[in-house]
file input.cif (mmCIF, C-alpha atoms)
data_coords
loop_
_atom_site.label_atom_id
_atom_site.label_comp_id
_atom_site.auth_asym_id
_atom_site.auth_seq_id
_atom_site.Cartn_x
_atom_site.Cartn_y
_atom_site.Cartn_z
CA MET T 490 -14.48 37.93 116.68
CA TYR T 491 -12.83 41.29 117.38
CA PRO T 492 -9.07 40.66 117.22
CA LYS T 493 -8.11 44.33 117.41
CA THR T 494 -10.16 45.04 120.50
CA LYS T 495 -8.35 45.54 123.82
CA ILE T 496 -10.13 45.63 127.15
CA VAL T 497 -8.55 47.64 129.95
CA LEU T 498 -9.73 46.95 133.51
CA SER T 499 -8.84 49.58 136.08
CA GLY T 500 -9.84 50.71 139.54
CA SER T 501 -8.57 51.41 143.04
CA ALA T 502 -8.82 47.80 144.24
CA SER T 503 -5.71 46.47 142.51
CA LEU T 504 -5.73 43.34 144.65
CA ASN T 505 -9.23 42.37 143.55
CA ILE T 506 -8.42 43.02 139.90
CA MET T 507 -5.31 40.85 140.00
CA LYS T 508 -7.05 38.09 141.93
CA GLY T 509 -10.07 38.05 139.62
CA SER T 510 -8.06 38.10 136.41
CA SER T 511 -5.80 35.27 137.56
CA GLU T 512 -8.86 33.10 138.16
CA SER T 513 -10.99 33.96 135.11
CA LEU T 514 -8.47 35.33 132.61
CA ALA T 515 -5.56 32.99 133.22
CA GLY T 516 -2.92 33.46 130.52
CA ARG T 517 -4.84 36.28 128.85
CA ALA T 518 -4.09 39.23 131.14
CA LYS T 519 -0.99 41.41 131.21
CA TYR T 520 -0.09 43.66 134.13
CA HIS T 521 1.66 46.99 133.86
CA TYR T 522 2.92 48.81 136.95
CA LEU T 523 1.97 52.47 136.68
CA PRO T 524 4.13 54.33 139.23
CA PRO T 525 3.13 57.60 140.89
CA LEU T 526 3.56 60.80 138.95
CA SER T 527 7.21 61.60 138.25
CA PHE T 528 8.75 65.05 138.55
CA ARG T 529 9.22 65.18 134.76
CA GLU T 530 5.53 64.36 134.23
CA PHE T 531 4.56 67.00 136.79
CA LEU T 532 6.54 69.61 134.85
CA ASN T 533 4.81 68.53 131.64
CA PHE T 534 1.41 68.98 133.29
CA LYS T 535 2.53 72.44 134.41
CA ASP T 536 3.72 73.16 130.84
CA VAL T 537 7.30 73.77 132.00
CA LYS T 538 9.67 73.03 129.13
CA ILE T 539 13.06 71.67 130.21
CA ARG T 540 15.76 73.27 128.07
CA ASP T 541 18.72 73.62 130.42
CA CYS T 542 18.50 72.33 133.99
CA TYR T 543 21.11 74.77 135.27
CA ILE T 544 19.67 77.88 133.64
CA GLN T 545 16.27 76.85 135.03
CA LEU T 546 17.59 75.47 138.34
CA ARG T 547 15.99 78.08 140.59
CA THR T 548 12.58 77.48 138.99
CA LEU T 549 13.05 73.70 139.14
CA LYS T 550 13.85 73.85 142.85
CA VAL T 551 10.64 75.76 143.54
CA MET T 552 8.65 73.34 141.39
CA LEU T 553 10.22 70.35 143.16
CA MET T 554 9.08 71.60 146.57
CA ASP T 555 5.58 72.05 145.17
CA PHE T 556 5.66 68.54 143.69
CA LEU T 557 6.54 66.72 146.93
CA LYS T 558 2.87 66.48 147.90
CA ARG T 559 1.45 66.09 144.37
CA GLY T 560 2.25 62.55 143.30
CA PHE T 561 -1.15 62.00 141.70
CA PRO T 562 -2.49 63.81 138.60
CA GLU T 563 -5.73 64.64 140.39
CA ALA T 564 -3.82 66.65 143.01
CA ILE T 565 -1.80 68.87 140.67
CA ASN T 566 -4.06 71.92 141.00
CA MET T 567 -5.44 71.23 144.49
CA ASP T 568 -4.57 73.34 147.52
CA GLU T 569 -2.90 71.71 150.53
CA ARG T 570 -6.17 71.09 152.38
CA GLU T 571 -7.72 69.42 149.35
CA ILE T 572 -4.63 67.28 148.83
CA ASP T 573 -4.68 66.08 152.45
CA GLU T 574 -8.36 65.17 152.16
CA TYR T 575 -7.84 63.40 148.84
CA ILE T 576 -4.91 61.30 150.11
CA LYS T 577 -6.78 60.42 153.29
CA ASP T 578 -10.26 59.71 151.90
CA MET T 579 -9.73 58.56 148.32
CA ILE T 580 -6.53 56.55 148.79
CA LEU T 581 -5.57 55.52 152.31
CA THR T 582 -9.02 55.02 153.85
CA ARG T 583 -10.31 53.08 150.83
CA ILE T 584 -7.30 50.78 150.67
CA ILE T 585 -6.92 50.19 154.41
CA TYR T 586 -10.58 49.82 155.34
CA ARG T 587 -12.02 48.35 152.14
CA ASP T 588 -9.52 46.82 149.70
CA ILE T 589 -7.28 45.01 152.20
CA PRO T 590 -10.09 43.54 154.36
CA GLU T 591 -12.02 42.40 151.26
CA SER T 592 -8.98 40.76 149.69
CA PHE T 593 -7.44 39.11 152.75
CA LYS T 594 -10.50 38.61 154.96
CA ILE T 595 -8.76 40.10 157.98
CA ARG T 596 -10.52 41.18 161.13
CA ASP T 597 -7.82 43.28 162.78
CA VAL T 598 -8.08 46.19 160.37
CA GLU T 599 -6.95 48.70 162.96
CA ILE T 600 -3.41 47.31 163.08
CA VAL T 601 -3.17 47.90 159.33
CA ASN T 602 -4.08 51.54 159.91
CA ILE T 603 -1.66 51.84 162.84
CA ILE T 604 1.30 50.37 160.94
CA ALA T 605 0.51 52.43 157.84
CA ASN T 606 0.44 55.66 159.82
CA HIS T 607 3.63 54.71 161.65
CA ILE T 608 5.51 54.19 158.38
CA LEU T 609 4.04 57.21 156.59
CA ARG T 610 5.17 59.42 159.47
CA ASN T 611 8.64 57.83 159.56
CA SER T 612 9.29 57.04 155.91
CA GLY T 613 12.76 55.58 155.40
CA ALA T 614 13.13 54.16 158.90
CA ILE T 615 14.28 50.58 159.48
CA VAL T 616 11.40 48.27 160.38
CA ASN T 617 12.04 45.61 162.98
CA ILE T 618 9.18 43.13 163.16
CA ASP T 619 9.94 42.07 166.74
CA SER T 620 10.06 45.67 167.89
CA LEU T 621 6.79 46.55 166.12
CA ALA T 622 5.11 43.44 167.54
CA SER T 623 6.13 44.48 171.04
CA GLN T 624 5.22 48.13 170.54
CA PHE T 625 1.75 47.46 169.11
CA ARG T 626 1.05 44.25 171.08
CA ARG T 627 0.53 41.95 168.13
CA ASN T 628 2.30 38.75 167.14
CA ARG T 629 5.12 38.70 164.59
CA ARG T 630 3.01 37.04 161.92
CA THR T 631 0.36 39.75 162.11
CA ILE T 632 2.99 42.48 161.72
CA SER T 633 4.72 40.67 158.86
CA ASN T 634 1.43 40.10 157.02
CA THR T 635 0.41 43.72 157.53
CA LEU T 636 3.63 44.97 155.94
CA SER T 637 2.98 42.67 152.99
CA TYR T 638 -0.59 43.96 152.57
CA LEU T 639 0.59 47.57 152.58
CA GLU T 640 3.29 46.87 150.01
CA MET T 641 0.98 44.89 147.73
CA THR T 642 -1.50 47.77 147.70
CA TYR T 643 1.22 50.32 146.85
CA ILE T 644 1.07 52.35 150.04
CA ILE T 645 4.60 51.50 151.11
CA LYS T 646 7.79 50.08 149.62
CA LEU T 647 10.09 47.75 151.58
CA VAL T 648 13.75 48.23 150.68
CA LYS T 649 16.24 45.45 151.43
CA ASN T 650 19.80 45.70 152.70
CA PHE T 651 22.08 45.03 149.71
CA ARG T 652 24.37 42.04 150.04
CA GLY T 653 26.34 42.09 146.80
CA SER T 654 24.37 40.00 144.28
CA TYR T 655 21.10 40.08 142.37
CA VAL T 656 19.42 37.73 144.80
CA ALA T 657 21.21 38.36 148.07
CA GLY T 658 19.44 40.80 150.33
CA SER T 659 19.07 40.76 154.08
CA ARG T 660 15.68 39.53 155.22
CA LYS T 661 16.16 41.57 158.34
CA ASN T 662 16.63 45.30 158.72
CA LYS T 663 14.44 46.35 155.81
CA LYS T 664 13.58 49.99 155.41
CA ALA T 665 9.97 51.02 154.88
CA TYR T 666 9.18 54.01 152.69
CA ALA T 667 5.95 55.62 151.65
CA LEU T 668 5.57 54.72 147.98
CA HIS T 669 5.74 58.44 147.16
CA SER T 670 6.45 61.56 149.19
CA SER T 671 2.84 62.69 148.70
CA LEU T 672 1.71 59.83 150.96
CA CYS T 673 3.98 60.89 153.82
CA LYS T 674 2.34 62.19 156.97
CA THR T 675 5.13 64.58 157.87
CA ASP T 676 6.42 67.98 156.83
CA ASN T 677 10.05 66.97 157.45
CA GLU T 678 11.76 68.06 154.24
CA ASP T 679 14.62 65.56 154.62
CA ILE T 680 12.16 62.65 154.82
CA LEU T 681 10.06 63.95 151.94
CA ILE T 682 12.98 64.41 149.56
CA GLU T 683 14.57 61.06 150.45
CA THR T 684 11.22 59.36 149.86
CA LEU T 685 10.87 61.13 146.51
CA ILE T 686 14.34 60.01 145.39
CA ARG T 687 13.40 56.43 146.28
CA SER T 688 10.25 56.75 144.23
CA GLU T 689 11.92 58.40 141.22
CA THR T 690 14.71 55.78 141.09
CA ASN T 691 12.52 52.83 142.10
CA ALA T 692 15.45 51.71 144.27
CA GLN T 693 15.02 48.22 145.73
CA PHE T 694 18.03 48.26 148.05
CA TYR T 695 20.04 50.33 150.49
CA TRP T 696 23.35 49.33 152.04
CA ARG T 697 24.45 49.38 155.64
CA ASP T 698 27.08 47.82 157.86
CA SER T 699 27.91 48.49 161.51
CA ARG T 700 29.43 51.91 160.77
CA ARG T 701 28.35 53.15 157.34
CA GLU T 702 25.25 53.49 155.20
CA VAL T 703 24.35 54.34 151.60
CA ASP T 704 20.77 55.44 151.05
CA PHE T 705 19.96 53.66 147.78
CA ILE T 706 21.47 50.92 145.63
CA ILE T 707 20.18 50.19 142.14
CA ASN T 708 21.15 46.66 141.18
CA GLY T 709 20.54 46.40 137.44
CA ASP T 710 22.88 45.98 134.49
CA LYS T 711 25.27 48.05 136.55
CA ILE T 712 25.28 48.79 140.26
CA ILE T 713 24.57 52.41 141.14
CA ALA T 714 24.98 53.87 144.63
CA ILE T 715 23.12 57.03 145.65
CA GLU T 716 23.47 59.11 148.81
CA MET T 717 21.03 61.91 149.67
CA LYS T 718 22.12 65.04 151.59
CA ASN T 719 19.53 67.79 151.87
CA ARG T 720 22.01 70.59 152.34
CA GLU T 721 23.83 73.09 150.13
CA ARG T 722 27.45 72.31 151.04
CA ILE T 723 29.19 68.93 150.87
CA ASP T 724 32.31 67.94 152.83
CA ARG T 725 34.71 65.12 152.05
CA LYS T 726 33.40 63.10 154.97
CA ASP T 727 29.99 63.09 153.26
CA VAL T 728 31.32 60.81 150.51
CA ASP T 729 33.10 58.36 152.84
CA SER T 730 30.33 55.75 152.79
CA LEU T 731 30.08 55.87 149.00
CA LYS T 732 33.86 55.50 148.67
CA TYR T 733 33.89 52.53 151.06
CA PHE T 734 31.00 50.88 149.22
CA SER T 735 32.76 51.45 145.91
CA LYS T 736 35.93 49.78 147.16
CA LYS T 737 34.07 46.87 148.74
CA TYR T 738 31.97 46.00 145.68
CA GLY T 739 33.96 47.52 142.82
CA VAL T 740 31.23 50.04 141.98
CA GLU T 741 32.07 53.05 139.83
CA ASN T 742 28.67 54.75 139.51
CA LEU T 743 28.48 56.89 142.63
CA TYR T 744 26.13 59.84 143.15
CA LEU T 745 25.65 62.24 146.02
CA VAL T 746 22.45 64.23 145.55
CA TYR T 747 22.25 67.55 147.38
CA SER T 748 20.36 70.85 147.50
CA GLY T 749 23.21 72.99 146.16
CA ASP T 750 23.55 74.57 142.73
CA GLU T 751 26.63 73.05 141.10
CA GLU T 752 27.51 69.68 139.60
CA TYR T 753 31.04 68.46 140.21
CA GLU T 754 33.10 65.46 141.33
CA MET T 755 34.70 64.72 144.67
CA ASP T 756 36.85 61.60 145.00
CA ARG T 757 35.13 60.04 141.94
CA VAL T 758 31.67 60.75 143.38
CA LYS T 759 29.34 62.86 141.23
CA ILE T 760 27.82 65.65 143.31
CA VAL T 761 24.52 66.61 141.66
CA PRO T 762 21.69 69.05 142.56
CA ILE T 763 18.41 67.27 143.28
CA PRO T 764 16.37 68.46 140.24
CA VAL T 765 19.30 67.84 137.90
CA PHE T 766 19.78 64.32 139.23
CA ILE T 767 16.10 63.49 138.70
CA LEU T 768 15.82 65.03 135.24
CA LYS T 769 19.26 64.31 133.81
CA TYR T 770 20.41 61.04 135.35
CA VAL T 771 17.51 58.96 136.70
CA ARG T 772 15.96 58.11 133.35
CA SER T 773 19.27 56.62 132.13
CA PHE T 774 19.44 53.93 134.81
CA THR T 775 15.88 53.12 135.85
CA ASP T 776 13.46 50.67 134.34
CA PHE T 777 9.95 50.35 135.78
#
call {"tool": "encode", "arguments": {"input": "input.cif", "output": "structure tokens"}}
result
Amino acid sequence: MYPKTKIVLSGSASLNIMKGSSESLAGRAKYHYLPPLSFREFLNFKDVKIRDCYIQLRTLKVMLMDFLKRGFPEAINMDEREIDEYIKDMILTRIIYRDIPESFKIRDVEIVNIIANHILRNSGAIVNIDSLASQFRRNRRTISNTLSYLEMTYIIKLVKNFRGSYVAGSRKNKKAYALHSSLCKTDNEDILIETLIRSETNAQFYWRDSRREVDFIINGDKIIAIEMKNRERIDRKDVDSLKYFSKKYGVENLYLVYSGDEEYEMDRVKIVPIPVFILKYVRSFTDF
């Protein structure tokens, strides 16, 4: 009767929305993933016009540090205390103690809270299910399910170890990140920036062997390797892992993101300041 009418259903309980629509609106519902606020969007909210990243680099660096804890539009003008309360009460507590128990009918809610806090304090660390099961005295299935619940509710993102094809990724040795740096429960700048780069690029993979590691691999139309170094000077040894990965898989798109001020190349690796990488390069090779 009303062919031009569109109905948008929204809310914090994404699991309940998806479950309900699949049962009652089968074939008539479309889902769109709305990621956390990006740095570019944050600058738009702050009415900062991007004309030249290098002329504005000092300002962009200051803005980036301010953005690390402001991944949600509601938090843009909040002070740090208000942000902490908002993340805790309006996001984490609601999802962990209401959305997940309602959707999955679980009784051991506390382990969900424990695992969430563990990951949000150690974003980017490798998660070993056997080790977590032993540490928190739960069985492997409980730990595995808990990780799935946290990922499905967009609190964390599990990143697989790249194995050289679109489908090949190690089931073991996944890394667990907070979905956005604003969810992290740490003030460690290295962790916060690495988590932000993961969020901005939507990277699904990292790469690691017995001796080397590359922080993020984007496996799309072309493979892109990204290494994060939160320091102002880069040595040749810092690009060794990228060079090895490039030779092993024939990858030409290599980036080392750092906190310095200049963009240049070292052994075919593009060395790029953090804000410039996010604003100049990320949009060209990401697709949410």
call {"tool": "resolve_selection", "arguments": {"input": "input.cif", "expression": "the PyMOL selection byres ((chain T and resi 693-704) around 8)", "output": "list in words"}}
result
Leu647, Val648, Lys649, Asn650, Phe651, Arg652, Gly658, Asn691, Ala692, Phe705, Ile706, Ile707, Asn708, Ala714, Ile715, Glu716, Met717, Ser730, Leu731 and Phe734 of chain T
call {"tool": "residues_around", "arguments": {"input": "input.cif", "residues": "Ala667 (chain T)", "least_positions_apart": "2", "cutoff": "10 Å", "atoms": "only C-alpha atoms", "output": "ChimeraX atom specification"}}
result
/T:605-606,608-613,639-640,643-647,665,669-674,680-681,684-685,687-688
call {"tool": "residues_around", "arguments": {"input": "input.cif", "residues": "Leu549 (chain T)", "least_positions_apart": "2", "cutoff": "10 Å", "atoms": "only C-alpha atoms", "output": "list in words"}}
result
Phe528, Leu532, Val537, Ile539, Cys542, Tyr543, Ile544, Gln545, Leu546, Arg547, Val551, Met552, Leu553, Met554, Asp555, Ile763, Pro764, Val765 and Leu768 of chain T
call {"tool": "residues_around", "arguments": {"input": "input.cif", "residues": "Val728 (chain T)", "least_positions_apart": "6", "cutoff": "9 Å", "atoms": "all atoms listed in the file", "output": "PyMOL selection string"}}
result
chain T and resi 716+745+755-756+758
call {"tool": "closest_residue", "arguments": {"input": "input.cif", "among": "T:Glu563, T:Asp568, T:Glu751, T:Glu599", "to": "Thr635 (chain T)", "atoms": "only C-alpha atoms"}}
result
T:Glu599
call {"tool": "closest_residue", "arguments": {"input": "input.cif", "among": "T:Ile767, T:Val740, T:Ile600, T:Leu668", "to": "Pro524 (chain T)", "atoms": "all atoms listed in the file"}}
result
T:Leu668
call {"tool": "atom_distance", "arguments": {"input": "input.cif", "atom1": "CA of Phe774 (chain T)", "atom2": "CA of Ile723 (chain T)"}}
result
24.0 Å
call {"tool": "atom_distance", "arguments": {"input": "input.cif", "atom1": "CA of Phe625 (chain T)", "atom2": "CA of Lys558 (chain T)"}}
result
28.5 Å
